[in-house]
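*Asks:* So here's my_file-v2.pdb (PDB, C-alpha atoms and all ligand atoms).
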```pdb
ATOM      1  CA  MET Z   1     -23.552 -40.327 -22.386
ATOM      2  CA  ARG Z   2     -23.502 -43.129 -19.827
ATOM      3  CA  ILE Z   3     -25.081 -42.118 -16.536
ATOM      4  CA  HIS Z   4     -25.251 -44.141 -13.343
ATOM      5  CA  SER Z   5     -27.804 -42.024 -11.452
ATOM      6  CA  ILE Z   6     -29.052 -38.537 -10.744
ATOM      7  CA  VAL Z   7     -30.309 -36.711  -7.673
ATOM      8  CA  SER Z   8     -32.251 -33.583  -8.508
ATOM      9  CA  LYS Z   9     -31.510 -31.674  -5.311
ATOM     10  CA  THR Z  10     -28.926 -32.254  -2.613
ATOM     11  CA  ALA Z  11     -26.957 -30.102  -0.176
ATOM     12  CA  SER Z  12     -24.182 -32.684   0.251
ATOM     13  CA  GLU Z  13     -22.173 -32.491  -2.958
ATOM     14  CA  GLY Z  14     -20.715 -29.006  -3.267
ATOM     15  CA  PRO Z  15     -21.774 -25.445  -2.488
ATOM     16  CA  GLY Z  16     -25.495 -24.817  -2.004
ATOM     17  CA  LEU Z  17     -28.305 -26.939  -3.387
ATOM     18  CA  ARG Z  18     -27.174 -28.904  -6.413
ATOM     19  CA  PHE Z  19     -28.385 -31.268  -9.101
ATOM     20  CA  CYS Z  20     -26.002 -34.231  -9.040
ATOM     21  CA  LEU Z  21     -25.028 -36.454 -11.864
ATOM     22  CA  TRP Z  22     -23.135 -39.704 -11.225
ATOM     23  CA  VAL Z  23     -21.561 -40.711 -14.494
ATOM     24  CA  GLN Z  24     -21.022 -44.351 -15.408
ATOM     25  CA  GLY Z  25     -17.582 -45.772 -16.046
ATOM     26  CA  CYS Z  26     -14.310 -45.517 -14.144
ATOM     27  CA  SER Z  27     -11.109 -47.375 -14.943
ATOM     28  CA  ARG Z  28      -9.258 -46.289 -11.815
ATOM     29  CA  HIS Z  29     -10.673 -48.890  -9.380
ATOM     30  CA  CYS Z  30      -9.497 -47.194  -6.189
ATOM     31  CA  LYS Z  31      -9.363 -49.427  -3.123
ATOM     32  CA  GLY Z  32     -12.272 -48.483  -0.863
ATOM     33  CA  CYS Z  33     -14.306 -46.772  -3.597
ATOM     34  CA  PHE Z  34     -17.877 -46.348  -2.334
ATOM     35  CA  ASN Z  35     -19.370 -46.809  -5.780
ATOM     36  CA  PRO Z  36     -17.804 -49.786  -7.577
ATOM     37  CA  GLU Z  37     -21.098 -50.277  -9.409
ATOM     38  CA  THR Z  38     -20.171 -47.179 -11.416
ATOM     39  CA  TRP Z  39     -16.961 -48.745 -12.774
ATOM     40  CA  ASP Z  40     -18.386 -50.719 -15.708
ATOM     41  CA  PRO Z  41     -18.473 -48.374 -18.734
ATOM     42  CA  ALA Z  42     -21.295 -50.481 -20.194
ATOM     43  CA  GLY Z  43     -23.435 -50.127 -17.051
ATOM     44  CA  GLY Z  44     -25.893 -47.432 -16.194
ATOM     45  CA  GLU Z  45     -28.106 -45.902 -18.842
ATOM     46  CA  GLU Z  46     -27.614 -43.834 -21.942
ATOM     47  CA  TRP Z  47     -28.884 -40.242 -21.537
ATOM     48  CA  THR Z  48     -28.891 -37.424 -24.048
ATOM     49  CA  ALA Z  49     -27.776 -33.944 -23.064
ATOM     50  CA  GLU Z  50     -31.300 -32.733 -23.865
ATOM     51  CA  ALA Z  51     -32.868 -35.184 -21.425
ATOM     52  CA  LEU Z  52     -30.409 -34.229 -18.706
ATOM     53  CA  LEU Z  53     -31.038 -30.522 -19.286
ATOM     54  CA  SER Z  54     -34.776 -31.123 -18.958
ATOM     55  CA  ALA Z  55     -34.199 -32.887 -15.650
ATOM     56  CA  ILE Z  56     -31.977 -30.023 -14.488
ATOM     57  CA  ASP Z  57     -34.601 -27.461 -15.562
ATOM     58  CA  ALA Z  58     -37.161 -29.350 -13.488
ATOM     59  CA  ALA Z  59     -35.102 -28.888 -10.305
ATOM     60  CA  PRO Z  60     -36.115 -25.462  -8.958
ATOM     61  CA  GLY Z  61     -33.860 -23.479  -6.666
ATOM     62  CA  ILE Z  62     -30.600 -25.201  -7.419
ATOM     63  CA  GLU Z  63     -27.349 -23.271  -7.453
ATOM     64  CA  GLY Z  64     -25.599 -25.581  -9.830
ATOM     65  CA  VAL Z  65     -24.750 -29.043 -11.053
ATOM     66  CA  THR Z  66     -22.152 -31.429  -9.653
ATOM     67  CA  LEU Z  67     -20.506 -34.190 -11.679
ATOM     68  CA  LEU Z  68     -19.466 -37.274  -9.738
ATOM     69  CA  GLY Z  69     -18.392 -40.703 -10.680
ATOM     70  CA  GLY Z  70     -17.661 -42.970 -12.079
ATOM     71  CA  GLU Z  71     -15.128 -40.731 -13.702
ATOM     72  CA  PRO Z  72     -16.379 -37.618 -15.518
ATOM     73  CA  PHE Z  73     -13.123 -37.274 -17.433
ATOM     74  CA  GLU Z  74     -13.632 -40.636 -19.121
ATOM     75  CA  GLN Z  75     -16.413 -39.046 -21.200
ATOM     76  CA  PRO Z  76     -15.397 -35.396 -21.238
ATOM     77  CA  GLY Z  77     -16.686 -34.272 -24.640
ATOM     78  CA  GLU Z  78     -20.420 -34.731 -24.066
ATOM     79  CA  LEU Z  79     -20.147 -33.522 -20.482
ATOM     80  CA  ALA Z  80     -18.396 -30.348 -21.649
ATOM     81  CA  ALA Z  81     -21.308 -29.566 -23.971
ATOM     82  CA  LEU Z  82     -23.817 -30.287 -21.199
ATOM     83  CA  CYS Z  83     -21.939 -28.103 -18.716
ATOM     84  CA  ALA Z  84     -21.723 -25.247 -21.213
ATOM     85  CA  ALA Z  85     -25.521 -25.299 -21.479
ATOM     86  CA  VAL Z  86     -25.815 -25.476 -17.690
ATOM     87  CA  ARG Z  87     -23.580 -22.457 -17.191
ATOM     88  CA  ALA Z  88     -25.408 -20.542 -19.901
ATOM     89  CA  GLN Z  89     -28.394 -20.698 -17.550
ATOM     90  CA  GLY Z  90     -26.361 -19.047 -14.793
ATOM     91  CA  LEU Z  91     -25.816 -22.254 -12.848
ATOM     92  CA  SER Z  92     -22.415 -23.272 -11.541
ATOM     93  CA  VAL Z  93     -20.572 -26.514 -12.233
ATOM     94  CA  ALA Z  94     -18.613 -28.507  -9.670
ATOM     95  CA  ALA Z  95     -16.900 -31.791 -10.462
ATOM     96  CA  PHE Z  96     -15.050 -34.607  -8.748
ATOM     97  CA  THR Z  97     -12.315 -36.479 -10.557
ATOM     98  CA  GLY Z  98      -9.936 -39.251  -9.599
ATOM     99  CA  TYR Z  99      -7.264 -37.670 -11.804
ATOM    100  CA  THR Z 100      -5.171 -34.752 -10.638
ATOM    101  CA  LEU Z 101      -5.551 -31.453 -12.414
ATOM    102  CA  GLU Z 102      -1.959 -31.790 -13.599
ATOM    103  CA  GLU Z 103      -2.712 -35.201 -15.132
ATOM    104  CA  LEU Z 104      -5.742 -33.809 -16.927
ATOM    105  CA  ARG Z 105      -3.856 -30.825 -18.334
ATOM    106  CA  ALA Z 106      -0.997 -33.090 -19.431
ATOM    107  CA  ARG Z 107      -3.372 -35.033 -21.668
ATOM    108  CA  ARG Z 108      -3.443 -32.064 -24.061
ATOM    109  CA  ASP Z 109      -6.827 -33.346 -25.142
ATOM    110  CA  PRO Z 110      -9.342 -30.833 -26.540
ATOM    111  CA  ALA Z 111     -12.342 -32.559 -24.939
ATOM    112  CA  THR Z 112     -10.640 -32.684 -21.549
ATOM    113  CA  ASP Z 113      -9.680 -29.013 -21.824
ATOM    114  CA  ALA Z 114     -13.229 -28.166 -22.887
ATOM    115  CA  LEU Z 115     -14.665 -29.821 -19.788
ATOM    116  CA  LEU Z 116     -12.098 -28.175 -17.522
ATOM    117  CA  GLY Z 117     -13.130 -24.878 -19.109
ATOM    118  CA  GLN Z 118     -16.711 -25.375 -17.906
ATOM    119  CA  ILE Z 119     -15.933 -26.234 -14.283
ATOM    120  CA  ASP Z 120     -16.033 -23.643 -11.518
ATOM    121  CA  LEU Z 121     -14.917 -25.889  -8.671
ATOM    122  CA  LEU Z 122     -12.868 -29.039  -9.236
ATOM    123  CA  MET Z 123     -12.094 -31.568  -6.508
ATOM    124  CA  ASP Z 124      -9.280 -33.746  -7.759
ATOM    125  CA  GLY Z 125      -7.251 -36.820  -6.956
ATOM    126  CA  PRO Z 126      -8.158 -40.448  -6.302
ATOM    127  CA  PHE Z 127      -9.706 -41.644  -3.074
ATOM    128  CA  ILE Z 128      -6.859 -43.232  -1.097
ATOM    129  CA  LEU Z 129      -8.161 -45.447   1.667
ATOM    130  CA  GLU Z 130      -4.985 -45.141   3.725
ATOM    131  CA  GLN Z 131      -5.396 -41.348   3.685
ATOM    132  CA  GLN Z 132      -9.093 -41.355   4.489
ATOM    133  CA  ASP Z 133     -10.091 -38.083   6.140
ATOM    134  CA  PHE Z 134     -13.601 -36.662   6.364
ATOM    135  CA  SER Z 135     -12.665 -33.410   8.081
ATOM    136  CA  ARG Z 136     -13.064 -31.318   4.911
ATOM    137  CA  PRO Z 137     -16.353 -30.885   3.075
ATOM    138  CA  TRP Z 138     -17.335 -33.252   0.251
ATOM    139  CA  ILE Z 139     -14.005 -35.062  -0.130
ATOM    140  CA  GLY Z 140     -12.720 -38.175   1.560
ATOM    141  CA  SER Z 141      -8.925 -38.407   1.608
ATOM    142  CA  ARG Z 142      -6.086 -36.087   2.495
ATOM    143  CA  ASN Z 143      -4.508 -36.080  -0.992
ATOM    144  CA  GLN Z 144      -7.602 -34.574  -2.593
ATOM    145  CA  ARG Z 145      -7.653 -30.855  -3.377
ATOM    146  CA  TYR Z 146     -10.023 -28.027  -4.242
ATOM    147  CA  HIS Z 147      -9.309 -26.004  -7.369
ATOM    148  CA  PHE Z 148     -11.159 -22.755  -8.037
ATOM    149  CA  LEU Z 149     -11.043 -22.675 -11.828
ATOM    150  CA  THR Z 150     -13.200 -19.528 -12.037
ATOM    151  CA  ASP Z 151     -13.973 -16.787  -9.534
ATOM    152  CA  ARG Z 152     -17.435 -18.231  -8.790
ATOM    153  CA  TYR Z 153     -16.233 -19.934  -5.610
ATOM    154  CA  SER Z 154     -13.453 -19.347  -3.130
ATOM    155  CA  LEU Z 155     -11.946 -20.745   0.036
ATOM    156  CA  ASN Z 156     -14.775 -19.111   1.999
ATOM    157  CA  ASP Z 157     -17.246 -21.504   0.377
ATOM    158  CA  ILE Z 158     -15.168 -24.399   1.686
ATOM    159  CA  LYS Z 159     -14.780 -22.889   5.146
ATOM    160  CA  ASN Z 160     -18.511 -22.228   5.423
ATOM    161  CA  ALA Z 161     -19.540 -25.711   4.298
ATOM    162  CA  ARG Z 162     -20.123 -28.754   6.450
ATOM    163  CA  GLN Z 163     -19.693 -32.416   5.750
ATOM    164  CA  ARG Z 164     -23.187 -33.889   5.321
ATOM    165  CA  VAL Z 165     -24.797 -37.143   4.385
ATOM    166  CA  GLU Z 166     -28.344 -37.541   3.060
ATOM    167  CA  PHE Z 167     -30.641 -40.537   3.060
ATOM    168  CA  ARG Z 168     -33.529 -40.905   0.627
ATOM    169  CA  ILE Z 169     -36.232 -43.467   1.200
ATOM    170  CA  GLY Z 170     -38.042 -44.468  -1.969
ATOM    171  CA  PRO Z 171     -41.704 -45.433  -2.238
ATOM    172  CA  ASP Z 172     -40.608 -49.068  -2.389
ATOM    173  CA  GLY Z 173     -38.655 -48.735   0.863
ATOM    174  CA  SER Z 174     -35.268 -48.597  -0.850
ATOM    175  CA  ILE Z 175     -32.681 -46.323   0.749
ATOM    176  CA  ALA Z 176     -30.251 -44.203  -1.252
ATOM    177  CA  ILE Z 177     -27.366 -42.398   0.407
ATOM    178  CA  ASN Z 178     -25.203 -39.563  -0.811
ATOM    179  CA  GLY Z 179     -22.748 -37.199   0.771
ATOM    180  CA  MET Z 180     -19.713 -37.946   2.870
ATOM    181  CA  PRO Z 181     -20.372 -39.696   6.173
ATOM    182  CA  ASP Z 182     -17.961 -39.588   9.062
ATOM    183  CA  LEU Z 183     -18.292 -43.348   9.266
ATOM    184  CA  PRO Z 184     -17.356 -46.126   6.857
ATOM    185  CA  MET Z 185     -20.202 -46.511   4.369
ATOM    186  CA  GLN Z 186     -20.302 -50.243   5.157
ATOM    187  CA  THR Z 187     -20.991 -49.403   8.793
ATOM    188  CA  ILE Z 188     -23.886 -47.151   7.853
ATOM    189  CA  LEU Z 189     -25.298 -49.700   5.462
ATOM    190  CA  GLY Z 190     -25.017 -52.325   8.158
ATOM    191  CA  MET Z 191     -26.928 -50.045  10.544
ATOM    192  CA  LEU Z 192     -29.616 -49.532   7.947
ATOM    193  CA  ASN Z 193     -29.514 -53.128   6.780
ATOM    194  CA  ALA Z 194     -29.860 -51.718   3.267
ATOM    195  CA  GLY Z 195     -27.943 -51.322   0.047
ATOM    196  CA  GLY Z 196     -28.326 -49.124  -3.016
ATOM    197  CA  SER Z 197     -25.995 -46.351  -1.985
ATOM    198  CA  HIS Z 198     -25.188 -43.539  -4.332
ATOM    199  CA  GLY Z 199     -22.200 -43.270  -2.055
ATOM    200  CA  LYS Z 200     -19.622 -40.609  -2.514
ATOM    201  CA  GLN Z 201     -16.925 -40.411  -5.094
ATOM    202  CA  GLU Z 202     -13.374 -39.240  -5.244
TER
HETATM  203  S1  LIG D   1     -13.189 -43.346  -5.984
HETATM  204 FE1  LIG D   1     -13.737 -42.267  -7.909
HETATM  205  S2  LIG D   1     -11.889 -42.470  -9.190
HETATM  206 FE2  LIG D   1     -11.711 -44.003  -7.569
HETATM  207  S3  LIG D   1     -12.595 -45.887  -8.433
HETATM  208 FE3  LIG D   1     -14.251 -44.835  -7.311
HETATM  209  S4  LIG D   1     -15.282 -43.619  -8.864
HETATM  210 FE4  LIG D   1     -13.270 -44.171  -9.722
END
```
Transcribe the structure of this file into structure tokens.
Ligand code: SF4
*Replies:*
Amino acid sequence: MRIHSIVSKTASEGPGLRFCLWVQGCSRHCKGCFNPETWDPAGGEEWTAEALLSAIDAAPGIEGVTLLGGEPFEQPGELAALCAAVRAQGLSVAAFTGYTLEELRARRDPATDALLGQIDLLMDGPFILEQQDFSRPWIGSRNQRYHFLTDRYSLNDIKNARQRVEFRIGPDGSIAINGMPDLPMQTILGMLNAGGSHGKQE
């Protein structure tokens, strides 16, 4: 599957500590998207499910895996198989999508349904710049919603969470950012005088 980037442990992309997987490819092109470099379906790198599972296994203490984009539901079949293996290890799966849950169910597509069947917490809907709102954890515009597709999570997990942003400084001095800042990403990047954001999706 095409993958833009991974972060092996973060507290900014769903409940608890999570392994995060930014998939490559998104045809939605929302105005104000923080990660336009994830749009090109030919970008990123090809990863096998086995290689991703090894990377997930090497991340001790995580509660689960979060799928971000790019758009996970533009390559749902392979992600469904990966998430099934993740959940078989007792880990949870959270996912962001620019589609609404209703749009995904209306596809009547087996691969889409298979991926939905492996997700505990879904955050849906496109990022809409005019409705930007960082008051709720992990999501960035008022139209976006939380869906508890299993009983693993509940509204209490949302109420107890805080909006966070993380900065990672690489050995070469590069700075990577993930999470949802309460400032425009461009402002933060200007303050840091740096690029290379993982940004935040959906
Ligand atoms: S915000 Fe999400 S759905 Fe919208 S263009 Fe960016 S990656 Fe795609």
*Asks:* Give me, as a list in words, all polymer residues having an atom no more than 9 Å from Z:Gln132, counting all atoms listed in the file and skipping those fewer than 2 positions away in the same chain.
*Replies:* Phe127, Ile128, Leu129, Glu130, Phe134, Gly140, Ser141, Arg142 and Asn143 of chain Z
*Asks:* Leaving out Z:Pro41 and any residue of its chain fewer than 2 positions from it, which residues lie within 10 Å of it when counting only C-alpha atoms, given as a ChimeraX atom specification?
*Replies:* /Z:2-4,23-27,37-39,43-45,70-71,74-75
*Asks:* For this file, the PyMOL selection byres (((not hetatm)) within 6 of (chain D and resi 1)) selects which residues, as a compact mmCIF listing (two decimals) with C-alpha atoms, in the frame of the given file?
*Replies:*
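Written file, selection_12.txt:
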```txt
# COMPACT_ATOMS: atom_id res chain seq x y z
CA CYS Z 26 -14.31 -45.52 -14.14
CA ARG Z 28 -9.26 -46.29 -11.82
CA HIS Z 29 -10.67 -48.89 -9.38
CA CYS Z 30 -9.50 -47.19 -6.19
CA CYS Z 33 -14.31 -46.77 -3.60
CA ASN Z 35 -19.37 -46.81 -5.78
CA GLY Z 69 -18.39 -40.70 -10.68
CA GLY Z 70 -17.66 -42.97 -12.08
CA GLU Z 71 -15.13 -40.73 -13.70
CA GLY Z 98 -9.94 -39.25 -9.60
CA PRO Z 126 -8.16 -40.45 -6.30
CA PHE Z 127 -9.71 -41.64 -3.07
CA GLN Z 201 -16.92 -40.41 -5.09
CA GLU Z 202 -13.37 -39.24 -5.24
```
*Asks:* From the set Z:Ala58, Z:Met123, Z:Ala80, Z:Val165, which residue has the shortest atom-to-atom contact distance to Z:Pro110, counting all atoms listed in the file?
*Replies:*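 So, comparing all the options, the nearest one is Z:Ala80.
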*Asks:* Between Z:Thr97, Z:Thr66, Z:Thr112, Z:Thr48, which is the closest to Z:Leu17 once you count all atoms listed in the file?
*Replies:*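 Answer, going by the shortest atom-to-atom distance: Z:Thr66.
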*Asks:* Would you mind reading off the distance between atom CA of Z:Ser154 and atom CA of Z:Ser5, one decimal, in Å?
*Replies:*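 So the two atoms, atom CA of Z:Ser154 and atom CA of Z:Ser5, lie 28.1 Å apart.
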*Asks:* Any idea what's packed within 8 Å of Z:Ile119, counting only C-alpha atoms, ignoring anything in its chain fewer than 5 positions away? Could you give it as an NGL selection string?
*Replies:* :Z and (83 or 92-95 or 149-150)
*Asks:* I'd like to know which of Z:Ile6, Z:Ala161, Z:Leu104, Z:Leu121 is closest to Z:Phe73, using all atoms listed in the file.
*Replies:* Z:Leu104
*Asks:* Using all atoms listed in the file, pick whichever of Z:Met1, Z:Pro36, Z:Val65, Z:Val7 has the shortest atom-to-atom distance to Z:Ala51.
*Replies:*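 Nearest to Z:Ala51: Z:Met1.
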*Asks:* For Z:Ile62, which of Z:Lys9, Z:Arg108, Z:Arg87, Z:Arg162 is the closest residue, counting all atoms listed in the file?
*Replies:*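 Once distances to Z:Ile62 are computed over all atoms listed in the file, the minimum belongs to Z:Lys9.
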*Asks:* What's the separation between atom CA of Z:Leu53 and atom CA of Z:Ser12, in Å to one decimal place?
*Replies:*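 According to the coordinates, atom CA of Z:Leu53 and atom CA of Z:Ser12 are separated by 20.8 Å.
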*Asks:* How far is it from atom CA of Z:Leu101 to atom CA of Z:Leu122, in Å with one decimal?
*Replies:*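 Going from atom CA of Z:Leu101 over to atom CA of Z:Leu122, I get 8.3 Å.
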